[in-house]
file data.tsv (TSV, C-alpha atoms)
chain	number	residue	atom	x	y	z
A	725	MET	CA	32.50	1.72	55.24
A	726	ALA	CA	30.55	-1.54	55.35
A	727	THR	CA	27.34	-2.77	56.96
A	728	LEU	CA	26.21	-6.34	57.56
A	729	PHE	CA	22.51	-7.02	58.09
A	730	THR	CA	21.82	-10.22	60.03
A	731	ASN	CA	18.75	-12.04	61.35
A	732	ALA	CA	16.35	-10.67	58.71
A	733	ARG	CA	13.63	-12.11	56.51
A	734	ILE	CA	14.33	-10.79	53.01
A	735	PHE	CA	12.06	-9.59	50.24
A	736	ASP	CA	14.43	-9.45	47.27
A	737	GLY	CA	12.16	-7.56	44.87
A	738	PHE	CA	11.23	-10.62	42.80
A	739	GLN	CA	10.03	-13.51	44.95
A	740	LYS	CA	6.55	-13.20	46.46
A	741	THR	CA	7.56	-14.78	49.76
A	742	LEU	CA	10.20	-13.78	52.29
A	743	ILE	CA	13.58	-15.54	52.30
A	744	ASP	CA	15.13	-16.78	55.54
A	745	GLY	CA	18.73	-17.66	56.34
A	746	LEU	CA	20.53	-14.99	54.31
A	747	GLN	CA	22.61	-11.98	55.34
A	748	VAL	CA	23.16	-8.80	53.32
A	749	LEU	CA	26.56	-7.13	53.12
A	750	GLU	CA	26.82	-3.50	51.99
A	751	VAL	CA	30.21	-2.02	51.08
A	752	ASP	CA	30.70	1.57	49.88
A	753	GLY	CA	27.05	2.01	49.00
A	754	ILE	CA	26.72	-1.21	47.00
A	755	ILE	CA	25.28	-4.59	47.97
A	756	ARG	CA	28.33	-6.84	47.76
A	757	GLU	CA	26.94	-10.15	49.01
A	758	VAL	CA	23.62	-11.82	49.80
A	759	SER	CA	24.46	-15.19	51.32
A	760	PRO	CA	24.25	-17.29	54.49
A	761	SER	CA	27.70	-16.12	55.60
A	762	PRO	CA	29.15	-13.11	53.77
A	763	THR	CA	32.83	-12.24	54.09
A	764	ALA	CA	32.70	-8.90	55.88
A	765	PRO	CA	35.73	-6.58	55.95
A	766	GLU	CA	37.28	-5.55	59.24
A	767	GLY	CA	35.36	-2.81	61.03
A	768	THR	CA	32.00	-3.70	59.45
A	769	LEU	CA	28.96	-2.36	61.28
A	770	ILE	CA	26.76	-5.34	62.18
A	771	ILE	CA	23.02	-4.69	62.48
A	772	ASP	CA	20.83	-7.39	64.00
A	773	CYS	CA	17.41	-6.98	62.41
A	774	GLY	CA	15.70	-9.01	65.11
A	775	GLY	CA	13.75	-11.17	62.67
A	776	ARG	CA	12.20	-8.17	60.94
A	777	THR	CA	11.65	-7.80	57.20
A	778	LEU	CA	14.41	-6.42	54.97
A	779	THR	CA	13.24	-4.96	51.65
A	780	PRO	CA	14.68	-2.82	48.88
A	781	GLY	CA	13.97	0.88	49.18
A	782	LEU	CA	10.61	1.73	47.65
A	783	ILE	CA	10.26	3.52	44.29
A	784	ASP	CA	7.44	5.95	43.52
A	785	ALA	CA	7.35	6.31	39.75
A	786	HIS	CA	4.96	9.26	39.61
A	787	VAL	CA	5.48	12.24	41.91
A	788	HIS	CA	5.57	16.02	41.65
A	789	VAL	CA	8.00	17.22	44.30
A	790	ILE	CA	7.30	20.89	43.57
A	791	ALA	CA	3.52	20.40	43.85
A	792	ASN	CA	3.10	22.31	47.11
A	793	SER	CA	-0.47	23.12	46.09
A	794	VAL	CA	-3.29	21.41	44.19
A	795	ASP	CA	-3.33	24.52	41.99
A	796	LEU	CA	-0.60	23.92	39.42
A	797	SER	CA	-0.95	27.26	37.63
A	798	ALA	CA	2.40	28.91	36.98
A	799	GLY	CA	3.46	31.96	38.95
A	800	LYS	CA	1.35	31.31	42.05
A	801	PHE	CA	4.35	31.17	44.40
A	802	TRP	CA	7.90	32.51	44.47
A	803	PRO	CA	10.30	29.85	43.10
A	804	SER	CA	12.39	30.05	46.27
A	805	PHE	CA	9.30	29.22	48.34
A	806	VAL	CA	8.37	26.31	46.05
A	807	PHE	CA	11.83	24.77	46.20
A	808	THR	CA	12.07	25.21	49.96
A	809	GLN	CA	8.83	23.29	50.32
A	810	ALA	CA	10.11	20.71	47.82
A	811	ARG	CA	12.85	19.90	50.32
A	812	TYR	CA	10.22	19.25	52.99
A	813	ILE	CA	8.20	17.08	50.57
A	814	MET	CA	11.22	15.01	49.50
A	815	GLU	CA	12.54	14.47	53.00
A	816	GLY	CA	9.09	13.21	54.00
A	817	MET	CA	9.14	10.74	51.09
A	818	LEU	CA	12.44	9.26	52.20
A	819	GLN	CA	11.19	8.87	55.76
A	820	ARG	CA	8.23	6.91	54.37
A	821	GLY	CA	10.66	4.47	52.76
A	822	PHE	CA	10.86	5.83	49.20
A	823	THR	CA	14.55	5.90	48.28
A	824	THR	CA	13.93	6.71	44.59
A	825	VAL	CA	11.17	8.83	43.03
A	826	ARG	CA	10.42	9.72	39.41
A	827	ASP	CA	9.14	13.26	38.96
A	828	GLY	CA	6.57	13.68	36.19
A	829	GLY	CA	6.86	17.43	35.72
A	830	GLY	CA	8.30	20.43	37.55
A	831	ALA	CA	11.48	19.29	39.28
A	832	ASP	CA	14.73	20.50	37.74
A	833	THR	CA	18.41	19.57	37.69
A	834	GLY	CA	19.10	21.82	40.67
A	835	LEU	CA	16.96	19.63	42.91
A	836	VAL	CA	18.66	16.51	41.55
A	837	GLN	CA	22.05	18.01	42.40
A	838	ALA	CA	20.89	19.16	45.84
A	839	VAL	CA	19.95	15.56	46.72
A	840	GLU	CA	23.11	14.08	45.20
A	841	GLN	CA	25.33	16.51	47.10
A	842	GLY	CA	23.55	15.97	50.40
A	843	PHE	CA	21.84	19.34	50.82
A	844	ILE	CA	18.45	17.58	50.80
A	845	ALA	CA	18.00	14.30	52.73
A	846	GLY	CA	15.58	13.01	50.14
A	847	PRO	CA	15.15	10.13	47.71
A	848	ARG	CA	17.15	9.71	44.52
A	849	LEU	CA	15.41	11.99	42.03
A	850	VAL	CA	14.74	11.01	38.39
A	851	ILE	CA	13.15	13.86	36.41
A	852	SER	CA	11.32	14.73	33.20
A	853	GLY	CA	11.88	18.46	33.54
A	854	LEU	CA	8.77	20.23	32.32
A	855	ALA	CA	6.18	17.99	30.70
A	856	LEU	CA	5.14	18.72	27.10
A	857	SER	CA	1.54	19.85	26.53
A	858	GLN	CA	-0.31	21.04	23.47
A	859	THR	CA	-2.23	24.31	23.58
A	860	GLY	CA	-5.41	23.55	25.50
A	861	GLY	CA	-3.91	20.34	26.87
A	862	HIS	CA	-3.61	18.99	30.38
A	863	GLY	CA	-0.52	21.12	31.04
A	864	ASP	CA	-2.09	24.33	29.74
A	865	MET	CA	-3.45	26.08	32.81
A	866	ARG	CA	-3.02	29.61	31.52
A	867	SER	CA	-5.85	32.02	32.13
A	868	VAL	CA	-8.14	32.53	29.15
A	869	LEU	CA	-8.41	36.19	30.21
A	870	LEU	CA	-5.48	38.43	29.31
A	871	GLY	CA	-4.51	41.48	31.25
A	872	PRO	CA	-3.11	44.71	29.73
A	873	GLY	CA	0.02	43.97	27.74
A	874	GLU	CA	-0.24	40.20	28.13
A	875	LYS	CA	0.31	38.09	25.04
A	876	THR	CA	-1.00	34.68	24.05
A	877	ASN	CA	2.41	33.31	23.08
A	878	ASN	CA	3.56	32.63	26.64
A	879	LYS	CA	4.75	29.01	26.46
A	880	VAL	CA	4.77	28.35	30.21
A	881	GLY	CA	1.55	26.38	30.60
A	882	SER	CA	1.77	25.57	34.31
A	883	SER	CA	4.24	24.85	37.08
A	884	ILE	CA	4.75	21.34	35.65
A	885	ALA	CA	4.49	21.79	31.87
A	886	ARG	CA	5.45	23.84	28.81
A	887	ILE	CA	3.41	24.40	25.65
A	888	ALA	CA	4.63	22.95	22.34
A	889	ASP	CA	2.54	22.58	19.18
A	890	GLY	CA	3.50	20.96	15.89
A	891	ILE	CA	6.32	18.61	15.00
A	892	SER	CA	9.11	21.20	15.00
A	893	GLU	CA	8.06	22.66	18.35
A	894	VAL	CA	7.73	19.33	20.14
A	895	ARG	CA	11.14	18.27	18.84
A	896	GLU	CA	12.67	21.51	20.09
A	897	ALA	CA	10.92	21.23	23.47
A	898	ALA	CA	12.02	17.62	23.98
A	899	ARG	CA	15.59	18.44	23.02
A	900	ASP	CA	15.58	21.46	25.33
A	901	GLU	CA	14.36	19.49	28.36
A	902	LEU	CA	16.99	16.82	27.71
A	903	ARG	CA	19.62	19.53	27.32
A	904	LYS	CA	18.65	20.89	30.73
A	905	GLY	CA	19.10	17.52	32.40
A	906	ALA	CA	15.83	15.60	32.01
A	907	HIS	CA	16.29	11.84	32.35
A	908	PHE	CA	13.24	11.11	30.17
A	909	ILE	CA	10.40	13.02	28.47
A	910	LYS	CA	6.87	13.43	29.84
A	911	VAL	CA	3.97	14.16	27.48
A	912	MET	CA	0.35	15.02	28.19
A	913	ALA	CA	-1.66	12.77	25.85
A	914	SER	CA	-5.20	13.11	27.22
A	915	GLY	CA	-7.38	15.39	29.29
A	916	GLY	CA	-6.88	15.50	33.03
A	917	ALA	CA	-8.58	16.17	36.34
A	918	ALA	CA	-6.41	19.03	37.60
A	919	SER	CA	-6.74	21.08	34.41
A	920	VAL	CA	-9.89	23.13	33.89
A	921	THR	CA	-10.49	23.46	30.16
A	922	ASP	CA	-9.94	19.94	28.78
A	923	PRO	CA	-12.34	17.00	29.23
A	924	ILE	CA	-10.88	13.66	30.28
A	925	GLU	CA	-11.87	12.16	26.90
A	926	ASN	CA	-9.83	14.74	24.96
A	927	LEU	CA	-7.14	13.21	22.72
A	928	GLN	CA	-4.03	15.37	22.85
A	929	TYR	CA	-1.19	15.50	20.32
A	930	SER	CA	-1.36	14.00	16.85
A	931	ASP	CA	0.22	10.68	15.94
A	932	GLU	CA	2.97	12.57	14.09
A	933	GLU	CA	3.76	14.75	17.11
A	934	LEU	CA	3.87	11.75	19.46
A	935	ARG	CA	6.21	9.88	17.12
A	936	ALA	CA	8.49	12.90	16.92
A	937	ILE	CA	8.69	13.14	20.71
A	938	VAL	CA	9.48	9.43	20.99
A	939	GLU	CA	12.15	9.75	18.31
A	940	GLU	CA	13.85	12.54	20.24
A	941	ALA	CA	13.79	10.55	23.48
A	942	ARG	CA	15.21	7.48	21.79
A	943	ALA	CA	17.96	9.57	20.24
A	944	TRP	CA	19.07	10.30	23.82
A	945	ASN	CA	18.73	6.59	24.70
A	946	THR	CA	15.77	7.25	26.94
A	947	TYR	CA	11.97	7.00	26.80
A	948	VAL	CA	8.61	8.76	26.91
A	949	MET	CA	6.22	8.77	29.88
A	950	ALA	CA	2.65	9.74	29.00
A	951	HIS	CA	-0.30	11.06	30.98
A	952	ALA	CA	-3.25	9.16	29.47
A	953	TYR	CA	-6.59	8.04	30.87
A	954	THR	CA	-8.62	6.77	27.91
A	955	PRO	CA	-8.20	3.77	25.59
A	956	ARG	CA	-7.84	6.09	22.58
A	957	SER	CA	-5.06	8.16	24.13
A	958	ILE	CA	-3.27	5.12	25.58
A	959	ALA	CA	-3.32	3.36	22.21
A	960	ALA	CA	-1.99	6.45	20.42
A	961	VAL	CA	0.99	6.69	22.79
A	962	VAL	CA	1.78	2.97	22.70
A	963	LYS	CA	1.60	2.83	18.90
A	964	ALA	CA	3.97	5.81	18.74
A	965	GLY	CA	6.48	3.96	20.93
A	966	GLY	CA	5.78	5.44	24.36
A	967	ARG	CA	7.14	3.31	27.22
A	968	THR	CA	5.02	4.19	30.27
A	969	ILE	CA	1.34	5.08	30.60
A	970	GLU	CA	0.43	7.09	33.69
A	971	HIS	CA	-2.99	6.62	35.33
A	972	GLY	CA	-4.81	4.63	32.62
A	973	ASN	CA	-7.97	4.46	34.74
A	974	LEU	CA	-10.33	4.07	31.78
A	975	ILE	CA	-8.35	1.36	29.96
A	976	ASP	CA	-10.30	-1.44	28.24
A	977	GLU	CA	-9.37	-5.03	27.34
A	978	PRO	CA	-8.23	-4.45	23.72
A	979	THR	CA	-6.00	-1.57	24.79
A	980	ALA	CA	-4.54	-3.60	27.65
A	981	ASP	CA	-3.74	-6.38	25.18
A	982	LEU	CA	-2.02	-3.81	22.95
A	983	MET	CA	0.10	-2.62	25.88
A	984	ARG	CA	1.13	-6.18	26.70
A	985	ARG	CA	2.08	-6.94	23.10
A	986	GLU	CA	4.14	-3.78	22.78
A	987	GLY	CA	5.80	-4.16	26.19
A	988	ALA	CA	4.48	-0.87	27.57
A	989	TYR	CA	4.14	-0.29	31.31
A	990	LEU	CA	1.14	1.03	33.24
A	991	VAL	CA	1.56	3.22	36.34
A	992	PRO	CA	-1.74	3.44	38.25
A	993	THR	CA	-2.10	6.36	40.66
A	994	LEU	CA	-5.24	5.45	42.58
A	995	VAL	CA	-4.49	7.40	45.74
A	996	ALA	CA	-4.40	10.76	43.95
A	997	SER	CA	-8.08	10.82	42.96
A	998	ASP	CA	-9.12	9.04	46.17
A	999	ILE	CA	-7.50	11.64	48.43
A	1000	LEU	CA	-8.59	14.62	46.34
A	1001	THR	CA	-12.17	13.41	46.63
A	1002	GLN	CA	-11.85	13.28	50.41
A	1003	PHE	CA	-10.41	16.80	50.61
A	1004	ALA	CA	-12.53	18.43	47.90
A	1005	ASP	CA	-14.19	20.93	50.24
A	1006	LYS	CA	-10.91	22.00	51.82
A	1007	TYR	CA	-9.28	22.82	48.48
A	1008	GLY	CA	-12.34	24.32	46.81
A	1009	PHE	CA	-12.46	22.26	43.64
A	1010	SER	CA	-14.92	23.35	40.99
A	1011	THR	CA	-17.92	21.18	40.12
A	1012	ASN	CA	-16.31	20.32	36.78
A	1013	SER	CA	-13.01	19.27	38.39
A	1014	MET	CA	-14.82	17.14	40.95
A	1015	ARG	CA	-16.81	15.44	38.20
A	1016	LYS	CA	-13.57	14.49	36.43
A	1017	ILE	CA	-11.85	13.36	39.62
A	1018	SER	CA	-14.81	11.16	40.53
A	1019	GLN	CA	-14.94	9.76	37.00
A	1020	VAL	CA	-11.37	8.46	37.09
A	1021	ARG	CA	-11.50	7.40	40.75
A	1022	ASP	CA	-14.53	5.21	40.19
A	1023	GLN	CA	-12.83	3.35	37.31
A	1024	GLY	CA	-9.34	3.06	38.79
A	1025	LEU	CA	-9.61	-0.37	40.38
A	1026	THR	CA	-11.43	-1.73	37.33
A	1027	GLY	CA	-8.67	-0.47	35.06
A	1028	LEU	CA	-6.00	-2.04	37.27
A	1029	SER	CA	-7.83	-5.38	37.23
A	1030	ILE	CA	-8.14	-5.29	33.44
A	1031	ALA	CA	-4.42	-4.60	33.07
A	1032	ARG	CA	-3.44	-7.37	35.50
A	1033	LYS	CA	-5.64	-9.89	33.72
A	1034	ALA	CA	-4.13	-8.93	30.36
A	1035	GLY	CA	-0.57	-9.40	31.65
A	1036	VAL	CA	0.48	-5.74	31.40
A	1037	ARG	CA	3.63	-4.86	33.33
A	1038	ILE	CA	2.42	-2.61	36.15
A	1039	GLY	CA	4.50	-0.09	38.08
A	1040	PHE	CA	3.67	1.98	41.15
A	1041	GLY	CA	2.96	5.71	41.45
A	1042	THR	CA	0.96	8.16	43.56
A	1043	ASP	CA	0.77	11.59	41.81
A	1044	LEU	CA	-0.14	13.42	45.03
A	1045	LEU	CA	-0.45	17.20	45.07
A	1046	GLY	CA	-0.46	19.68	47.94
A	1047	ILE	CA	1.91	20.04	50.86
A	1048	ASP	CA	-0.46	18.21	53.23
A	1049	LEU	CA	-1.45	15.34	50.93
A	1050	HIS	CA	1.95	13.79	50.18
A	1051	GLU	CA	1.85	12.02	53.55
A	1052	TYR	CA	-0.82	9.69	52.14
A	1053	GLN	CA	1.75	8.19	49.75
A	1054	GLY	CA	1.59	4.73	51.37
A	1055	GLU	CA	-2.18	4.51	50.96
A	1056	GLU	CA	-1.63	3.38	47.36
A	1057	PHE	CA	-0.71	-0.04	48.76
A	1058	THR	CA	-4.02	-0.54	50.59
A	1059	LEU	CA	-6.10	0.74	47.67
A	1060	ARG	CA	-4.49	-1.71	45.28
A	1061	ALA	CA	-4.90	-4.55	47.77
A	1062	LYS	CA	-8.63	-4.45	47.02
A	1063	VAL	CA	-7.95	-6.14	43.67
A	1064	GLU	CA	-4.43	-7.59	43.80
A	1065	ASP	CA	-1.99	-9.48	46.02
A	1066	PRO	CA	0.11	-7.14	48.26
A	1067	ALA	CA	3.22	-8.96	47.04
A	1068	ASP	CA	2.42	-7.93	43.46
A	1069	THR	CA	2.04	-4.31	44.55
A	1070	LEU	CA	5.35	-4.50	46.40
A	1071	MET	CA	7.06	-5.85	43.29
A	1072	SER	CA	5.51	-2.97	41.33
A	1073	ALA	CA	7.08	-0.53	43.82
A	1074	THR	CA	10.50	-2.15	43.59
A	1075	SER	CA	11.81	-4.34	40.76
A	1076	VAL	CA	9.11	-3.54	38.17
A	1077	ASN	CA	9.55	0.21	38.59
A	1078	ALA	CA	13.31	-0.24	38.28
A	1079	GLN	CA	12.93	-2.10	34.98
A	1080	MET	CA	10.46	0.47	33.70
A	1081	MET	CA	12.83	3.34	34.55
A	1082	MET	CA	15.75	1.60	32.78
A	1083	MET	CA	17.51	1.13	36.13
A	1084	ASP	CA	17.14	-2.64	36.29
A	1085	GLY	CA	19.65	-4.22	38.67
A	1086	CYS	CA	20.59	-0.87	40.22
A	1087	ILE	CA	17.56	-0.17	42.41
A	1088	GLY	CA	14.50	-2.03	43.66
A	1089	VAL	CA	16.32	-5.31	44.40
A	1090	ILE	CA	18.36	-7.00	47.11
A	1091	ARG	CA	21.03	-8.52	44.90
A	1092	PRO	CA	24.79	-8.17	44.53
A	1093	ASN	CA	25.95	-5.03	42.66
A	1094	ALA	CA	22.69	-3.14	43.28
A	1095	TYR	CA	22.69	0.15	45.15
A	1096	ALA	CA	22.34	-0.43	48.88
A	1097	ASP	CA	18.82	0.99	49.23
A	1098	ILE	CA	17.53	-1.01	52.20
A	1099	LEU	CA	14.58	-0.84	54.58
A	1100	ILE	CA	14.07	-2.80	57.82
A	1101	VAL	CA	10.39	-2.89	58.75
A	1102	ASP	CA	8.04	-4.39	61.29
A	1103	GLY	CA	5.52	-6.67	59.62
A	1104	ASP	CA	5.39	-8.56	56.34
A	1105	PRO	CA	4.56	-6.25	53.39
A	1106	THR	CA	4.16	-9.24	51.05
A	1107	THR	CA	0.96	-10.18	52.90
A	1108	ASP	CA	-0.04	-6.98	54.75
A	1109	ALA	CA	-0.71	-3.97	52.52
A	1110	SER	CA	-0.88	-1.63	55.53
A	1111	VAL	CA	2.81	-1.95	56.44
A	1112	PHE	CA	3.79	1.21	54.55
A	1113	THR	CA	0.67	3.24	55.41
A	1114	LYS	CA	1.86	4.30	58.86
A	1115	ARG	CA	3.80	7.37	57.65
A	1116	GLY	CA	7.04	5.46	58.14
A	1117	GLU	CA	6.50	4.81	61.84
A	1118	ASN	CA	7.14	1.07	61.54
A	1119	ILE	CA	10.21	1.48	59.34
A	1120	LYS	CA	13.06	0.90	61.76
A	1121	LEU	CA	15.96	1.56	59.39
A	1122	ILE	CA	16.31	3.47	56.13
A	1123	MET	CA	19.48	3.22	54.06
A	1124	LYS	CA	19.97	4.91	50.68
A	1125	HIS	CA	23.07	4.10	48.66
A	1126	GLY	CA	24.82	2.90	51.80
A	1127	LYS	CA	24.02	5.93	53.95
A	1128	ILE	CA	21.74	5.41	56.94
A	1129	PHE	CA	19.04	8.10	57.26
A	1130	LYS	CA	17.09	6.46	60.09
A	1131	ASN	CA	18.10	3.77	62.58
A	1132	GLN	CA	15.92	2.66	65.51
A	1133	LEU	CA	17.49	-0.78	65.88

call {"tool": "encode", "arguments": {"input": "data.tsv", "output": "C-alpha cells"}}
result
Amino acid sequence: MATLFTNARIFDGFQKTLIDGLQVLEVDGIIREVSPSPTAPEGTLIIDCGGRTLTPGLIDAHVHVIANSVDLSAGKFWPSFVFTQARYIMEGMLQRGFTTVRDGGGADTGLVQAVEQGFIAGPRLVISGLALSQTGGHGDMRSVLLGPGEKTNNKVGSSIARIADGISEVREAARDELRKGAHFIKVMASGGAASVTDPIENLQYSDEELRAIVEEARAWNTYVMAHAYTPRSIAAVVKAGGRTIEHGNLIDEPTADLMRREGAYLVPTLVASDILTQFADKYGFSTNSMRKISQVRDQGLTGLSIARKAGVRIGFGTDLLGIDLHEYQGEEFTLRAKVEDPADTLMSATSVNAQMMMMDGCIGVIRPNAYADILIVDGDPTTDASVFTKRGENIKLIMKHGKIFKNQL
C-alpha cells in the first residue's frame, strides 16, 4: 500500500513556516519521499490536499488515559470499566490529531498491545506504568483512616502511582515497572494539586533515591520523567539526571538556566489547571485543592516565559483528567499563544516531543524514514493557535503509521 499527498503546504516539524511545492509519499507506513516529484509505485492512492496544510501527527507528552475521573484514588471503579473508558478517551485523542501520546501513570502494557493490534483506534501509546511516589507524596492518595483489618503497608497509592520508600525499594519499583513493559520511569518529585495531603512546595524523594531511580532507568537505556512544580524539586531531579520535568509552573531563572545547561526538557501542562478551575464546582474540589490549582495556574505562563527566555527545550503536554475534560486537549495551544509564537508550540508538539521521548526521526516530522503520521488540516497552525482547538472538526485527514483513520477529502 502507498499514498501520495499532493497540493499541500507542509509543516515539517522543524521550520517555522510552511513549505510549498513538495509532495509526500507514504509506503507501507513509512514516509519514503518528500520531494517535488516522488516516484510512486503502481496503484498508489493519490490524495489532493487542495492547498491545505500537511503536518506531522501531534504528540501529547503528558496524558493519563485511564483518568476517567478527577479523583485518582485507587479502587474507585472496576478495572474493566476504567479500561473501557480508556478506549473512548484514546479514540477521542486520535480524532483530535494526536497520533502519539505519552502516559505519565496508570496505563499498562495491555493497552499498548490493544492499540498496536488494532483493537483500539487510538494514538501510539508510550507508558511509564505506575509512577513512583514516596509515602505522603503526590501519588499517595490512600485514606488516612483505616477500616477493620486494613493495614498501612498497602503499596498501591492511587490509580496512577505506587509507593516506594528508600533506595532499595525505589530500585525494585523501577525495575518492576520496566519488567512489566514501561518505556520510561515516572517519579513524583514535588507536591501536587490533585493530591490532598501534600503542599505544592513539598520536596519529595531524597537525592540518593532520585539518583537510584535514574540509574535504573539508564540501565534499561531509557530515562526518568518527573512531576515537579518548584525550583527546589526541579533542581533536585535535574542534578540527579532526570530528563523531563512535568509542569514546572513555579520555575525561576537560575533553575531554568540549570535545565538548559544539563539538557533537560520542560513539559508545561497549562490547560490542566485552567480547565479544573473552570469546572471546580462541578467536580466538588476542596478549598485546599482549589488553592493549589489556582497557585500553579496563575504562575504557568510566567514559568513558560522564563523557560523560553533561558533557552530550555520545551515539549507539549496537557495532563487532563476526567472523561469530559479530555476534549479540551487542543486548548493548550491557545493558552501558550499568550506568551509564545504558535509555530514554537507546534514544534513542541511534534519534533521536540519526539526528541525528548527518544523517538527522534521516527515521529513528529515529515521526513523520509519517519513513521507516516500525517494530518491534513484547514488553516495554518504555525500562525493560528486555534487550528487544533475545534475538537478535530477542521482536521480533514488523519493517518497513523500509514493507516487512514479519518478522510474527508

call {"tool": "residues_around", "arguments": {"input": "data.tsv", "residues": "range 978-991 of chain A", "least_positions_apart": "3", "cutoff": "10 Å", "atoms": "only C-alpha atoms", "output": "PyMOL selection string"}}
result
chain A and resi 784-786+949-952+954-963+965-975+994+1027-1028+1030-1042+1072+1076-1077+1079-1081

call {"tool": "atom_distance", "arguments": {"input": "data.tsv", "atom1": "CA of Asp976 in chain A", "atom2": "CA of Leu856 in chain A"}}
result
25.4 Å

call {"tool": "residues_near_point", "arguments": {"input": "data.tsv", "point": "(15.0, 26.1, 45.4)", "cutoff": "10 Å", "atoms": "only C-alpha atoms", "output": "list of chain:residue names"}}
result
A:Ile790, A:Trp802, A:Pro803, A:Ser804, A:Phe805, A:Val806, A:Phe807, A:Thr808, A:Gln809, A:Ala810, A:Arg811, A:Ala831, A:Asp832, A:Gly834, A:Leu835, A:Ala838

call {"tool": "residues_around", "arguments": {"input": "data.tsv", "residues": "Ala1067 in chain A", "least_positions_apart": "3", "cutoff": "9 Å", "atoms": "all atoms listed in the file", "output": "ChimeraX atom specification"}}
result
/A:739-741,1064,1070-1072,1105-1109

call {"tool": "atom_distance", "arguments": {"input": "data.tsv", "atom1": "CA of Glu925 in chain A", "atom2": "CA of Val1020 in chain A"}}
result
10.9 Å

call {"tool": "atom_distance", "arguments": {"input": "data.tsv", "atom1": "CA of Leu1133 in chain A", "atom2": "CA of Ala732 in chain A"}}
result
12.3 Å

call {"tool": "closest_residue", "arguments": {"input": "data.tsv", "among": "A:Val850, A:Val787, A:Leu1049, A:Ala1096", "to": "Lys1127 in chain A", "atoms": "all atoms listed in the file"}}
result
A:Ala1096

call {"tool": "residues_around", "arguments": {"input": "data.tsv", "residues": "Glu815 in chain A", "least_positions_apart": "3", "cutoff": "7 Å", "atoms": "all atoms listed in the file", "output": "tab-separated table (two decimals) with C-alpha atoms, in the coordinates of the input"}}
result
chain	number	residue	atom	x	y	z
A	811	ARG	CA	12.85	19.90	50.32
A	812	TYR	CA	10.22	19.25	52.99
A	818	LEU	CA	12.44	9.26	52.20
A	819	GLN	CA	11.19	8.87	55.76
A	845	ALA	CA	18.00	14.30	52.73
A	846	GLY	CA	15.58	13.01	50.14

call {"tool": "closest_residue", "arguments": {"input": "data.tsv", "among": "A:Arg848, A:His788, A:Arg1060, A:Lys1130", "to": "Ile813 in chain A", "atoms": "all atoms listed in the file"}}
result
A:His788

call {"tool": "residues_near_point", "arguments": {"input": "data.tsv", "point": "(9.0, -7.7, 58.8)", "cutoff": "6 Å", "atoms": "only C-alpha atoms", "output": "ChimeraX atom specification"}}
result
/A:776-777,1101-1104

call {"tool": "decode", "arguments": {"input": "data.tsv", "residues": "range 798-809 of chain A", "atoms": "N, CA and C atoms", "output": "mmCIF file, in the first residue's frame"}}
result
data_model
loop_
_atom_site.group_PDB
_atom_site.id
_atom_site.type_symbol
_atom_site.label_atom_id
_atom_site.label_comp_id
_atom_site.auth_asym_id
_atom_site.auth_seq_id
_atom_site.Cartn_x
_atom_site.Cartn_y
_atom_site.Cartn_z
ATOM 1 N N ALA A 798 -7.202 4.951 44.245
ATOM 2 C CA ALA A 798 -7.294 3.581 43.736
ATOM 3 C C ALA A 798 -8.585 2.922 44.211
ATOM 4 N N GLY A 799 -9.102 2.016 43.388
ATOM 5 C CA GLY A 799 -10.250 1.214 43.778
ATOM 6 C C GLY A 799 -11.592 1.909 43.696
ATOM 7 N N LYS A 800 -11.674 3.038 43.000
ATOM 8 C CA LYS A 800 -12.941 3.754 42.875
ATOM 9 C C LYS A 800 -13.847 3.116 41.822
ATOM 10 N N PHE A 801 -13.242 2.479 40.818
ATOM 11 C CA PHE A 801 -14.012 1.901 39.715
ATOM 12 C C PHE A 801 -13.472 0.508 39.411
ATOM 13 N N TRP A 802 -14.340 -0.337 38.854
ATOM 14 C CA TRP A 802 -13.888 -1.647 38.389
ATOM 15 C C TRP A 802 -12.859 -1.455 37.273
ATOM 16 N N PRO A 803 -11.761 -2.234 37.282
ATOM 17 C CA PRO A 803 -10.756 -2.092 36.220
ATOM 18 C C PRO A 803 -11.340 -2.232 34.822
ATOM 19 N N SER A 804 -12.301 -3.136 34.641
ATOM 20 C CA SER A 804 -12.903 -3.315 33.321
ATOM 21 C C SER A 804 -13.605 -2.042 32.860
ATOM 22 N N PHE A 805 -14.232 -1.333 33.792
ATOM 23 C CA PHE A 805 -14.912 -0.078 33.470
ATOM 24 C C PHE A 805 -13.889 1.004 33.105
ATOM 25 N N VAL A 806 -12.794 1.065 33.868
ATOM 26 C CA VAL A 806 -11.748 2.052 33.610
ATOM 27 C C VAL A 806 -11.147 1.845 32.223
ATOM 28 N N PHE A 807 -10.834 0.601 31.887
ATOM 29 C CA PHE A 807 -10.173 0.347 30.613
ATOM 30 C C PHE A 807 -11.127 0.490 29.428
ATOM 31 N N THR A 808 -12.415 0.242 29.652
ATOM 32 C CA THR A 808 -13.387 0.504 28.595
ATOM 33 C C THR A 808 -13.467 1.997 28.314
ATOM 34 N N GLN A 809 -13.461 2.800 29.371
ATOM 35 C CA GLN A 809 -13.468 4.245 29.164
ATOM 36 C C GLN A 809 -12.144 4.741 28.590
#
